[in-house]
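J.: After the C-alpha cells below, expect a handful of questions from me.
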Amino acid sequence: MRLKARDLLGIEELDLQDIELILDTADGFLEVARRPIKKVPILRGRTVVNFFLEPSTRTRSSFEIAEKRLSADSVNLVGSGSSIVKGETLIDTGRNLEAMSPDIIVIRHSSSGAPHLLAHKLRSSIINAGDGFHEHPTQALLDAFTIRQKKERLEGLRVAIVGDIAHSRVARSNLLLLRKAGAEVTVCGPPTLIPPHIEKLGAHVTSNLAEAIEGADVIMMLRLQLERQKGGYFPSLREYFYYFGLTVEHVRRAKPDVIIMHPGPMNRGVEITSEVADGPYSVILEQVANGVAVRMAVLYLLLGGSADEEAA
Amino acid sequence: MRLKARDLLGIEELDLQDIELILDTADGFLEVARRPIKKVPILRGRTVVNFFLEPSTRTRSSFEIAEKRLSADSVNLVGSGSSIVKGETLIDTGRNLEAMSPDIIVIRHSSSGAPHLLAHKLRSSIINAGDGFHEHPTQALLDAFTIRQKKERLEGLRVAIVGDIAHSRVARSNLLLLRKAGAEVTVCGPPTLIPPHIEKLGAHVTSNLAEAIEGADVIMMLRLQLERQKGGYFPSLREYFYYFGLTVEHVRRAKPDVIIMHPGPMNRGVEITSEVADGPYSVILEQVANGVAVRMAVLYLLLGGSADEEAA
Amino acid sequence: MRLKARDLLGIEELDLQDIELILDTADGFLEVARRPIKKVPILRGRTVVNFFLEPSTRTRSSFEIAEKRLSADSVNLVGSGSSIVKGETLIDTGRNLEAMSPDIIVIRHSSSGAPHLLAHKLRSSIINAGDGFHEHPTQALLDAFTIRQKKERLEGLRVAIVGDIAHSRVARSNLLLLRKAGAEVTVCGPPTLIPPHIEKLGAHVTSNLAEAIEGADVIMMLRLQLERQKGGYFPSLREYFYYFGLTVEHVRRAKPDVIIMHPGPMNRGVEITSEVADGPYSVILEQVANGVAVRMAVLYLLLGGSADEEAA
C-alpha cells in the first residue's frame, strides 16, 4: 500500500486509510531505536532538506534523527526567513532547493499554507513540519500513534484538548485526525482563545475544564505561549492556571486509565502541574520517542515504500 | 589529468586547461543527481570543513550536498566572524581547523584575499566560496558549465554582465573566466557601480543596457544588493529598474537563442522582470543544479582525482 | 578494561586507571587522522547529540569530527539557552532528547553542574564539554595526552598554569588531573583571579610569573577573557601583559625542554607573545590534533569499548 499523495501537507489531505498506513508503518520502525545499531539502509543516498524558518529544536532534531536512522543525507537550512532568503520569494527559494535534487523538503514556516504553495510548485515531496496556525500533521500522527499504543484504538475515545486552541496548529491537526478516526473531541480554553466556528470541525466546545475532562480517555494539554499574555487574551498566568492548569484533582474526573499528553515544551505550573506531568498517567516522553518512528514512517512512505517491505 | 594547484582560490589562478578539466569532470557528475541513490563513494572518509563567515544559504547548501553525494564527511562552521573566532586571528583559526586534519576547507569570508592567506599558511586544500568583492570561482565555473551546456562552446560568444559590477565577485570571476575562454564580455551598470580600469581585464564597458545586450548570446544579470541604495549609487530602485532592469523588450535585442542567467537570489521587479526570469530563455534553475555537479568536480579534483576515473 | 562510570562528568570522578585507559585508547586513534580514509566503523548506527548551550567552535567541531571518524551519527543542537528550550527546564529538555534514544549527549552549559544533573536523571551517557567555571574534562585529558606524548610521563613533572585561574574550567580540570597523576602544579595569576583555597586542591600559588615558571617542564597559558577587564580584576591589558604575558625571556627560566600549551583561542600580545606561541617549544596545534583522538577515545569507551579492541 502507498500513501495517496506525494506530500504530507496536513491531516486534512489524508483519509483514514492513509493515517492507518502511517501508524502501522511506524509500528515497524519503533524498535529500530532499541537496537544497538539504530540504522536501516532504506533511504541511503536520498537527500532530505530540513528547511526550518521558525525556531525549532525538538521537531527538527526528531526529523533529523529519523532521517539518519533511515540512512538518508540530511541538509539543514535553519534561521529566520529574512537572513536565509535575502528578500527572495518562497517559491524562488523552493525552486532553488529543488534544483539541487532533494528527494524531500521538510518545511516549517510561520505562514499558513507555505508548504502547500511549495508542493504546488515543486516536484520534490514536501512535509509540513508546522505552518502558522494551520497544521502540524506529524505531531497529530505521533499523538494518534501514542493513543493507539495505549488504548488499542482511536474510535469512540473521548479526547479533551485544553489550552490556546485558537493559535495552535497542534490542536487543529489533532482535531482533524481524531474526528476522521471516530473519536469524540472536546476543546477547552478561555473564550478568547477558542476560534469561531470550531464546532463545524466536529468539536464540542467548553470553557469549563471540569466539563471537558469528565470521563475523558485522553487529555491533551497545549503549551501556553507566554507571549500571548501581552495580547490581553487572559488577565494573568495565575488566573490562567487557576482555570485551565491541569492538576491531580482534575485528572480524577477523567477515566481511571486516562492518559495525559503534551506536545512540549511544557510550562510547568502554567498549563500543567509537575505532579501531573511526571505522574503515572503521563505519556509525554513516549510521545517524543514515538515521534521519531512516525517521522521515519512518513519519510519512508513518501519515497515510495509500503508497510510490507520495511526493514525487519 | 590533474589541476595544477592544490587550492581553488580564484579564476585568476586557473588556466584554460584547468577550467576545461573541471567542466569535463562536472559533466560526469551531473547524472548522479538523477539517480535514485544520489551518492558515489569517491570521498568516503574524507573530511570537508565548510567555514562560512558570511551568511550564505545556497552556496553552503550546494557545497554540502556536493560533499554528501561524494560520501565525504561535512562539518559546518557558520556564523559571524566575531562569535566564531573570539578575537583570534584568521590564521590561528585556520591552523586550528587544520590540526583536526580536514582534507579541504571551503571558506567564505568578507575580506578579499582571506582564502589566499589560508592557502599560504595551511597544508589543507582551500576552496574560495566567495571572498569580499574579489572572486567567487565556483560560481563562474558553474556559469561557464551552463553556457557550454547550452551553446557547446565559450569561445567567441558575446556575453553581457549587467548590474552592480563594482561590488560583485560574481562579475569579476565570470569576466576573468570568459576572457580566458575567448568570449567577448560587455559589462553594464550605472557609472557609479562600474569599477575603474575594468576594461584592462578585457571588458567592454557601457551604461546603456540596449547597447550591452545587442546581439548577446548570454545575458548575466547580477543581484542588486538593496543596501547599496543607501550608498547613493543610484537615485531609486524605480530608476534603477527603468535603466537596468531586464524586460522582455530588452531581450529582443539579443540573439534569438540568448540565454538569461542570474546567480540568485533574484529581486524580481528590480534587476529582472518575472516574465524574463520565468521565461523561455532563462536558465537560472539549471545554474543551481549545475552548481552541485561543478562543486563535486572541484572537490574531487582537489583530492587528487582525474577526469578519467570518476565514478560511472 | 572499561571506564568505571557511564558518563564523563569531570576529572574529579575519574581515577588514575580511568585516565590512563583513555590516554592509551587515544594513542590507538591518533593515526586515524593520518589515513587517507579517516574513518573507522566502530560507532556506526550510534547517535550522538551535541547539545551546546554556550558558543563554541573548536570544542564542538572537535567532537563532531571525532564522532564522524567513528562513523556515529551526529545531531547538533546549538544556540542560546532561551531560544532552544523556550523556558523549558534543563531536565525536561534532557528527557526529551533522551526519548529520541541518543547513545551519548555531549553538553556544554554555562551553569556548573548541568551535566551532572542530566547524568543523574537520564540513562544516556553524558559527556561534559565544559560547565560554567567548573570542569572541562576532555580539555584536561587532551592536555595530559600531549604532555605524555612529549615527556613520556606525567608523574613528577613541574607544571605552571598561568592566567585567570578563578574563571577557568580548563585550569580546574588540569589541576585535578595533574595532581592525580603525581605532577607538581603551580598556579599563577593576579591575586584577584586566583580562587580562594585553591591550594587545598594541591596547587602551589604565586602571583610572580618568574617564580611559577622557574624549572617548569610544562607551561600552560590560559586565555584571558577580555570581558574580565570590565570586572576590575586588573587595571589594563598592558599591565596584564607586563606581569603575566609569556615572553621568550620568561621561557628561559623554564627547563630547556619545556613545552608551552594554550587551550585556544589565543590573544596574541595579551597572555602570550607570537614569538612564544609560534616558537619551538609550543605544542599548541598538537593539542588540537590530539583533542580529536582523545574525544574519539572517550566516545568509544563510554559506549562499552576497551583499549584492546579498537580498530587497527
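Here's how to read the names in the C-alpha cells: chain A, B, ... by the order shown, residue numbers from 1 in each chain, ligand numbers from 1 in the order shown.
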Pull out every residue of chain C that has at least one atom within 8 Å of chain B, counting only C-alpha atoms, and report them as a list of chain:residue names.
T.: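 Listing them in order of chain and number gives C:Ala33, C:Arg34, C:Pro36, C:Ile37, C:Lys38, C:Lys39, C:Pro55, C:Ser56, C:Thr57, C:Arg58, C:Ser61, C:Ser62, C:Glu64, C:Ile65, C:Lys68, C:Arg69, C:Pro265, C:Met266, C:Asn267, C:Leu285, C:Glu286, C:Val288, C:Ala289, C:Val292.
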J.: Find the residues near His167 in chain A: any atom within 10 Å, counting only C-alpha atoms, skip ones fewer than 2 places away on the same chain, and give them as a PDB file with all heavy atoms, in the first residue's frame.
T.:
```pdb
ATOM      1  N   GLY A 132       2.320  28.153  10.402  1.00  0.00           N
ATOM      2  CA  GLY A 132       1.489  29.180  11.032  1.00  0.00           C
ATOM      3  C   GLY A 132       0.562  28.589  12.073  1.00  0.00           C
ATOM      4  O   GLY A 132       0.974  27.766  12.904  1.00  0.00           O
ATOM      5  N   PHE A 133      -0.706  29.014  12.058  1.00  0.00           N
ATOM      6  CA  PHE A 133      -1.703  28.465  12.990  1.00  0.00           C
ATOM      7  C   PHE A 133      -2.479  27.345  12.317  1.00  0.00           C
ATOM      8  O   PHE A 133      -3.561  26.971  12.763  1.00  0.00           O
ATOM      9  CB  PHE A 133      -2.701  29.553  13.425  1.00  0.00           C
ATOM     10  CG  PHE A 133      -2.057  30.717  14.108  1.00  0.00           C
ATOM     11  CD1 PHE A 133      -2.549  32.003  13.944  1.00  0.00           C
ATOM     12  CD2 PHE A 133      -0.951  30.538  14.939  1.00  0.00           C
ATOM     13  CE1 PHE A 133      -1.966  33.084  14.587  1.00  0.00           C
ATOM     14  CE2 PHE A 133      -0.359  31.615  15.583  1.00  0.00           C
ATOM     15  CZ  PHE A 133      -0.868  32.895  15.404  1.00  0.00           C
ATOM     16  N   HIS A 134      -1.952  26.768  11.244  1.00  0.00           N
ATOM     17  CA  HIS A 134      -2.731  25.898  10.403  1.00  0.00           C
ATOM     18  C   HIS A 134      -2.634  24.424  10.793  1.00  0.00           C
ATOM     19  O   HIS A 134      -3.513  23.891  11.460  1.00  0.00           O
ATOM     20  CB  HIS A 134      -2.326  26.143   8.936  1.00  0.00           C
ATOM     21  CG  HIS A 134      -3.060  25.326   7.956  1.00  0.00           C
ATOM     22  ND1 HIS A 134      -2.412  24.560   7.013  1.00  0.00           N
ATOM     23  CD2 HIS A 134      -4.378  25.132   7.779  1.00  0.00           C
ATOM     24  CE1 HIS A 134      -3.322  23.929   6.288  1.00  0.00           C
ATOM     25  NE2 HIS A 134      -4.514  24.257   6.718  1.00  0.00           N
ATOM     26  N   GLY A 163      -6.431  24.385  26.174  1.00  0.00           N
ATOM     27  CA  GLY A 163      -5.455  25.476  26.150  1.00  0.00           C
ATOM     28  C   GLY A 163      -5.805  26.516  25.117  1.00  0.00           C
ATOM     29  O   GLY A 163      -6.978  26.843  24.908  1.00  0.00           O
ATOM     30  N   ASP A 164      -4.756  27.044  24.475  1.00  0.00           N
ATOM     31  CA  ASP A 164      -4.910  28.089  23.472  1.00  0.00           C
ATOM     32  C   ASP A 164      -5.237  27.426  22.129  1.00  0.00           C
ATOM     33  O   ASP A 164      -4.357  27.191  21.308  1.00  0.00           O
ATOM     34  CB  ASP A 164      -3.603  28.888  23.401  1.00  0.00           C
ATOM     35  CG  ASP A 164      -3.642  29.942  22.306  1.00  0.00           C
ATOM     36  OD1 ASP A 164      -4.661  30.040  21.582  1.00  0.00           O
ATOM     37  OD2 ASP A 164      -2.634  30.664  22.171  1.00  0.00           O
ATOM     38  N   ILE A 165      -6.514  27.131  21.955  1.00  0.00           N
ATOM     39  CA  ILE A 165      -6.942  26.417  20.750  1.00  0.00           C
ATOM     40  C   ILE A 165      -6.740  27.303  19.506  1.00  0.00           C
ATOM     41  O   ILE A 165      -6.331  26.826  18.444  1.00  0.00           O
ATOM     42  CB  ILE A 165      -8.436  26.024  20.863  1.00  0.00           C
ATOM     43  CG1 ILE A 165      -8.719  25.286  22.183  1.00  0.00           C
ATOM     44  CG2 ILE A 165      -8.891  25.204  19.654  1.00  0.00           C
ATOM     45  CD1 ILE A 165      -8.068  23.956  22.335  1.00  0.00           C
ATOM     46  N   ARG A 169      -1.621  24.998  15.942  1.00  0.00           N
ATOM     47  CA  ARG A 169      -1.695  24.070  14.812  1.00  0.00           C
ATOM     48  C   ARG A 169      -1.737  22.625  15.298  1.00  0.00           C
ATOM     49  O   ARG A 169      -2.240  21.745  14.620  1.00  0.00           O
ATOM     50  CB  ARG A 169      -0.519  24.293  13.865  1.00  0.00           C
ATOM     51  CG  ARG A 169       0.845  24.242  14.528  1.00  0.00           C
ATOM     52  CD  ARG A 169       1.901  24.887  13.619  1.00  0.00           C
ATOM     53  NE  ARG A 169       3.217  24.924  14.265  1.00  0.00           N
ATOM     54  CZ  ARG A 169       4.167  25.778  13.970  1.00  0.00           C
ATOM     55  NH1 ARG A 169       3.985  26.682  13.035  1.00  0.00           N
ATOM     56  NH2 ARG A 169       5.335  25.755  14.582  1.00  0.00           N
ATOM     57  N   VAL A 170      -1.200  22.406  16.507  1.00  0.00           N
ATOM     58  CA  VAL A 170      -1.253  21.062  17.092  1.00  0.00           C
ATOM     59  C   VAL A 170      -2.711  20.684  17.371  1.00  0.00           C
ATOM     60  O   VAL A 170      -3.166  19.584  17.034  1.00  0.00           O
ATOM     61  CB  VAL A 170      -0.417  21.002  18.389  1.00  0.00           C
ATOM     62  CG1 VAL A 170      -0.603  19.661  19.088  1.00  0.00           C
ATOM     63  CG2 VAL A 170       1.065  21.249  18.080  1.00  0.00           C
ATOM     64  N   ALA A 171      -3.460  21.624  17.950  1.00  0.00           N
ATOM     65  CA  ALA A 171      -4.871  21.358  18.250  1.00  0.00           C
ATOM     66  C   ALA A 171      -5.644  21.087  16.965  1.00  0.00           C
ATOM     67  O   ALA A 171      -6.440  20.150  16.872  1.00  0.00           O
ATOM     68  CB  ALA A 171      -5.483  22.552  18.983  1.00  0.00           C
ATOM     69  N   ARG A 172      -5.375  21.896  15.960  1.00  0.00           N
ATOM     70  CA  ARG A 172      -6.142  21.782  14.722  1.00  0.00           C
ATOM     71  C   ARG A 172      -5.869  20.432  14.042  1.00  0.00           C
ATOM     72  O   ARG A 172      -6.797  19.738  13.641  1.00  0.00           O
ATOM     73  CB  ARG A 172      -5.751  22.945  13.797  1.00  0.00           C
ATOM     74  CG  ARG A 172      -6.792  23.226  12.764  1.00  0.00           C
ATOM     75  CD  ARG A 172      -6.628  24.576  12.105  1.00  0.00           C
ATOM     76  NE  ARG A 172      -7.717  24.717  11.155  1.00  0.00           N
ATOM     77  CZ  ARG A 172      -7.781  24.054  10.019  1.00  0.00           C
ATOM     78  NH1 ARG A 172      -6.805  23.242   9.678  1.00  0.00           N
ATOM     79  NH2 ARG A 172      -8.824  24.201   9.220  1.00  0.00           N
ATOM     80  N   LEU A 193      -9.567  32.403  23.403  1.00  0.00           N
ATOM     81  CA  LEU A 193      -8.578  31.540  22.738  1.00  0.00           C
ATOM     82  C   LEU A 193      -9.242  30.335  22.068  1.00  0.00           C
ATOM     83  O   LEU A 193      -8.593  29.341  21.778  1.00  0.00           O
ATOM     84  CB  LEU A 193      -7.498  31.107  23.737  1.00  0.00           C
ATOM     85  CG  LEU A 193      -6.581  32.242  24.208  1.00  0.00           C
ATOM     86  CD1 LEU A 193      -5.644  31.780  25.319  1.00  0.00           C
ATOM     87  CD2 LEU A 193      -5.769  32.820  23.046  1.00  0.00           C
ATOM     88  N   ILE A 194     -10.553  30.445  21.864  1.00  0.00           N
ATOM     89  CA  ILE A 194     -11.287  29.434  21.088  1.00  0.00           C
ATOM     90  C   ILE A 194     -11.634  30.079  19.746  1.00  0.00           C
ATOM     91  O   ILE A 194     -12.247  31.152  19.715  1.00  0.00           O
ATOM     92  CB  ILE A 194     -12.606  29.035  21.795  1.00  0.00           C
ATOM     93  CG1 ILE A 194     -12.353  28.495  23.192  1.00  0.00           C
ATOM     94  CG2 ILE A 194     -13.426  28.069  20.930  1.00  0.00           C
ATOM     95  CD1 ILE A 194     -12.007  27.038  23.274  1.00  0.00           C
ATOM     96  N   PRO A 195     -11.229  29.477  18.642  1.00  0.00           N
ATOM     97  CA  PRO A 195     -11.540  30.128  17.356  1.00  0.00           C
ATOM     98  C   PRO A 195     -13.028  30.000  17.024  1.00  0.00           C
ATOM     99  O   PRO A 195     -13.669  29.014  17.395  1.00  0.00           O
ATOM    100  CB  PRO A 195     -10.694  29.341  16.359  1.00  0.00           C
ATOM    101  CG  PRO A 195     -10.456  28.022  16.989  1.00  0.00           C
ATOM    102  CD  PRO A 195     -10.498  28.216  18.477  1.00  0.00           C
ATOM    103  N   LEU A 224       1.014  26.915  26.580  1.00  0.00           N
ATOM    104  CA  LEU A 224       0.592  28.310  26.529  1.00  0.00           C
ATOM    105  C   LEU A 224       1.789  29.143  26.087  1.00  0.00           C
ATOM    106  O   LEU A 224       2.830  29.155  26.753  1.00  0.00           O
ATOM    107  CB  LEU A 224       0.109  28.795  27.902  1.00  0.00           C
ATOM    108  CG  LEU A 224      -0.464  30.211  27.846  1.00  0.00           C
ATOM    109  CD1 LEU A 224      -1.831  30.220  27.165  1.00  0.00           C
ATOM    110  CD2 LEU A 224      -0.569  30.814  29.233  1.00  0.00           C
ATOM    111  N   GLN A 225       1.647  29.773  24.939  1.00  0.00           N
ATOM    112  CA  GLN A 225       2.761  30.626  24.510  1.00  0.00           C
ATOM    113  C   GLN A 225       2.706  31.893  25.334  1.00  0.00           C
ATOM    114  O   GLN A 225       1.737  32.659  25.266  1.00  0.00           O
ATOM    115  CB  GLN A 225       2.662  30.876  23.011  1.00  0.00           C
ATOM    116  CG  GLN A 225       3.089  29.599  22.265  1.00  0.00           C
ATOM    117  CD  GLN A 225       2.819  29.663  20.785  1.00  0.00           C
ATOM    118  OE1 GLN A 225       1.675  29.744  20.367  1.00  0.00           O
ATOM    119  NE2 GLN A 225       3.874  29.639  20.002  1.00  0.00           N
ATOM    120  N   ARG A 228       1.468  35.339  24.516  1.00  0.00           N
ATOM    121  CA  ARG A 228       0.040  35.640  24.306  1.00  0.00           C
ATOM    122  C   ARG A 228      -0.524  36.553  25.386  1.00  0.00           C
ATOM    123  O   ARG A 228      -1.516  37.230  25.177  1.00  0.00           O
ATOM    124  CB  ARG A 228      -0.790  34.344  24.320  1.00  0.00           C
ATOM    125  CG  ARG A 228      -0.494  33.386  23.229  1.00  0.00           C
ATOM    126  CD  ARG A 228      -1.107  33.798  21.916  1.00  0.00           C
ATOM    127  NE  ARG A 228      -0.621  32.892  20.891  1.00  0.00           N
ATOM    128  CZ  ARG A 228       0.079  33.260  19.841  1.00  0.00           C
ATOM    129  NH1 ARG A 228       0.341  34.528  19.614  1.00  0.00           N
ATOM    130  NH2 ARG A 228       0.512  32.387  18.977  1.00  0.00           N
TER     131      ARG A 228
END
```
J.: Could you name the residues that touch Ser236 in chain A at 12 Å or less, counting only C-alpha atoms, but leaving out those on the same chain fewer than 5 positions away, as a list in words?
T.: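 Final neighbour list, sorted by chain and number: Pro190, Leu224, Leu226, Glu227, Arg228, Gln229, Lys230, Gly231, Phe241, Tyr242, Tyr243, Phe244 and Val270 of chain A.
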J.: I'd like the contact shell of range 142-151 of chain A - 7 Å cut-off, only C-alpha atoms, skipping same-chain residues fewer than 6 positions apart - returned as a list in words.
T.: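 Near range 142-151 of chain A, the qualifying residues are Leu23, Gln287, Asn290, Gly291 and Val294 of chain A.
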J.: Next, the residues of the selection above should be written as a compact mmCIF listing (two decimals), in the first residue's frame with all heavy atoms.
T.:
```
# COMPACT_ATOMS: atom_id res chain seq x y z
N LEU A 23 0.56 4.85 10.64
CA LEU A 23 0.72 4.34 12.02
C LEU A 23 1.22 2.89 12.01
O LEU A 23 2.08 2.53 12.81
CB LEU A 23 -0.59 4.46 12.79
CG LEU A 23 -1.21 5.88 12.88
CD1 LEU A 23 -2.39 5.88 13.86
CD2 LEU A 23 -0.19 6.92 13.31
N GLN A 287 5.46 10.19 23.72
CA GLN A 287 5.15 10.94 22.50
C GLN A 287 6.42 11.29 21.73
O GLN A 287 6.48 11.18 20.52
CB GLN A 287 4.41 12.25 22.85
CG GLN A 287 3.00 12.06 23.34
CD GLN A 287 2.42 13.39 23.85
OE1 GLN A 287 2.54 13.72 25.02
NE2 GLN A 287 1.80 14.15 22.96
N ASN A 290 7.94 8.19 20.15
CA ASN A 290 7.12 7.77 19.02
C ASN A 290 7.27 8.72 17.83
O ASN A 290 7.12 8.30 16.68
CB ASN A 290 5.65 7.70 19.44
CG ASN A 290 5.40 6.57 20.42
OD1 ASN A 290 6.18 5.61 20.49
ND2 ASN A 290 4.34 6.68 21.21
N GLY A 291 7.57 9.98 18.11
CA GLY A 291 7.73 10.96 17.04
C GLY A 291 8.79 10.55 16.03
O GLY A 291 8.62 10.73 14.82
N VAL A 294 7.32 7.71 13.86
CA VAL A 294 6.27 8.20 12.95
C VAL A 294 6.90 8.99 11.80
O VAL A 294 6.51 8.85 10.64
CB VAL A 294 5.24 9.04 13.73
CG1 VAL A 294 4.36 9.85 12.78
CG2 VAL A 294 4.39 8.14 14.62
```
J.: Do you know which residues are at most 12 Å from His120 in chain A counting only C-alpha atoms, after dropping those on the same chain fewer than 2 positions away, and could you put them as a PDB file with N, CA, C and O atoms, in the first residue's frame?
T.:
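around_39.pdb, written as the output of this step:
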```pdb
ATOM      1  N   ARG A   6       1.699  12.632  -2.686  1.00  0.00           N
ATOM      2  CA  ARG A   6       3.139  12.666  -2.810  1.00  0.00           C
ATOM      3  C   ARG A   6       3.742  13.508  -1.686  1.00  0.00           C
ATOM      4  O   ARG A   6       4.945  13.531  -1.466  1.00  0.00           O
ATOM      5  N   ASP A   7       2.870  14.273  -1.001  1.00  0.00           N
ATOM      6  CA  ASP A   7       3.302  15.214   0.027  1.00  0.00           C
ATOM      7  C   ASP A   7       2.537  14.921   1.314  1.00  0.00           C
ATOM      8  O   ASP A   7       1.469  14.319   1.274  1.00  0.00           O
ATOM      9  N   LEU A   9       0.954  17.361   3.653  1.00  0.00           N
ATOM     10  CA  LEU A   9       0.699  18.781   3.887  1.00  0.00           C
ATOM     11  C   LEU A   9      -0.121  19.011   5.136  1.00  0.00           C
ATOM     12  O   LEU A   9       0.068  19.994   5.845  1.00  0.00           O
ATOM     13  N   ILE A  91       8.699  30.821  -3.255  1.00  0.00           N
ATOM     14  CA  ILE A  91       8.712  29.919  -4.409  1.00  0.00           C
ATOM     15  C   ILE A  91      10.101  29.882  -5.050  1.00  0.00           C
ATOM     16  O   ILE A  91      10.605  28.808  -5.405  1.00  0.00           O
ATOM     17  N   GLY A  94      12.271  27.807  -2.863  1.00  0.00           N
ATOM     18  CA  GLY A  94      11.904  26.402  -3.041  1.00  0.00           C
ATOM     19  C   GLY A  94      12.431  25.840  -4.355  1.00  0.00           C
ATOM     20  O   GLY A  94      12.995  24.739  -4.400  1.00  0.00           O
ATOM     21  N   ARG A  95      12.297  26.594  -5.414  1.00  0.00           N
ATOM     22  CA  ARG A  95      12.779  26.112  -6.716  1.00  0.00           C
ATOM     23  C   ARG A  95      14.289  25.950  -6.718  1.00  0.00           C
ATOM     24  O   ARG A  95      14.841  25.068  -7.360  1.00  0.00           O
ATOM     25  N   GLY A 113      -0.082  27.667   5.012  1.00  0.00           N
ATOM     26  CA  GLY A 113      -0.190  27.420   3.574  1.00  0.00           C
ATOM     27  C   GLY A 113       1.133  27.417   2.836  1.00  0.00           C
ATOM     28  O   GLY A 113       1.187  27.027   1.663  1.00  0.00           O
ATOM     29  N   ALA A 114       2.227  27.811   3.503  1.00  0.00           N
ATOM     30  CA  ALA A 114       3.526  27.831   2.816  1.00  0.00           C
ATOM     31  C   ALA A 114       3.889  26.448   2.245  1.00  0.00           C
ATOM     32  O   ALA A 114       4.339  26.348   1.100  1.00  0.00           O
ATOM     33  N   PRO A 115       3.691  25.360   2.989  1.00  0.00           N
ATOM     34  CA  PRO A 115       4.051  24.045   2.423  1.00  0.00           C
ATOM     35  C   PRO A 115       3.195  23.696   1.207  1.00  0.00           C
ATOM     36  O   PRO A 115       3.675  23.050   0.271  1.00  0.00           O
ATOM     37  N   HIS A 116       1.946  24.119   1.214  1.00  0.00           N
ATOM     38  CA  HIS A 116       1.046  23.824   0.103  1.00  0.00           C
ATOM     39  C   HIS A 116       1.516  24.537  -1.154  1.00  0.00           C
ATOM     40  O   HIS A 116       1.469  24.003  -2.257  1.00  0.00           O
ATOM     41  N   LEU A 117       1.953  25.788  -0.964  1.00  0.00           N
ATOM     42  CA  LEU A 117       2.456  26.561  -2.089  1.00  0.00           C
ATOM     43  C   LEU A 117       3.669  25.859  -2.704  1.00  0.00           C
ATOM     44  O   LEU A 117       3.764  25.676  -3.921  1.00  0.00           O
ATOM     45  N   LEU A 118       4.584  25.414  -1.839  1.00  0.00           N
ATOM     46  CA  LEU A 118       5.762  24.704  -2.362  1.00  0.00           C
ATOM     47  C   LEU A 118       5.346  23.411  -3.071  1.00  0.00           C
ATOM     48  O   LEU A 118       5.858  23.086  -4.151  1.00  0.00           O
ATOM     49  N   LEU A 122       6.588  22.568  -6.767  1.00  0.00           N
ATOM     50  CA  LEU A 122       7.802  21.752  -6.872  1.00  0.00           C
ATOM     51  C   LEU A 122       7.476  20.284  -7.110  1.00  0.00           C
ATOM     52  O   LEU A 122       6.391  19.820  -6.798  1.00  0.00           O
ATOM     53  N   ARG A 123       8.449  19.568  -7.642  1.00  0.00           N
ATOM     54  CA  ARG A 123       8.280  18.127  -7.825  1.00  0.00           C
ATOM     55  C   ARG A 123       8.710  17.322  -6.604  1.00  0.00           C
ATOM     56  O   ARG A 123       8.269  16.206  -6.416  1.00  0.00           O
ATOM     57  N   SER A 124       9.625  17.875  -5.761  1.00  0.00           N
ATOM     58  CA  SER A 124      10.041  17.154  -4.553  1.00  0.00           C
ATOM     59  C   SER A 124       8.835  16.929  -3.646  1.00  0.00           C
ATOM     60  O   SER A 124       7.879  17.695  -3.680  1.00  0.00           O
ATOM     61  N   SER A 125       8.903  15.892  -2.821  1.00  0.00           N
ATOM     62  CA  SER A 125       7.872  15.707  -1.801  1.00  0.00           C
ATOM     63  C   SER A 125       8.068  16.738  -0.694  1.00  0.00           C
ATOM     64  O   SER A 125       9.198  17.018  -0.294  1.00  0.00           O
ATOM     65  N   ILE A 126       6.967  17.284  -0.216  1.00  0.00           N
ATOM     66  CA  ILE A 126       7.013  18.291   0.845  1.00  0.00           C
ATOM     67  C   ILE A 126       6.385  17.693   2.098  1.00  0.00           C
ATOM     68  O   ILE A 126       5.319  17.074   2.041  1.00  0.00           O
TER      69      ILE A 126
END
```
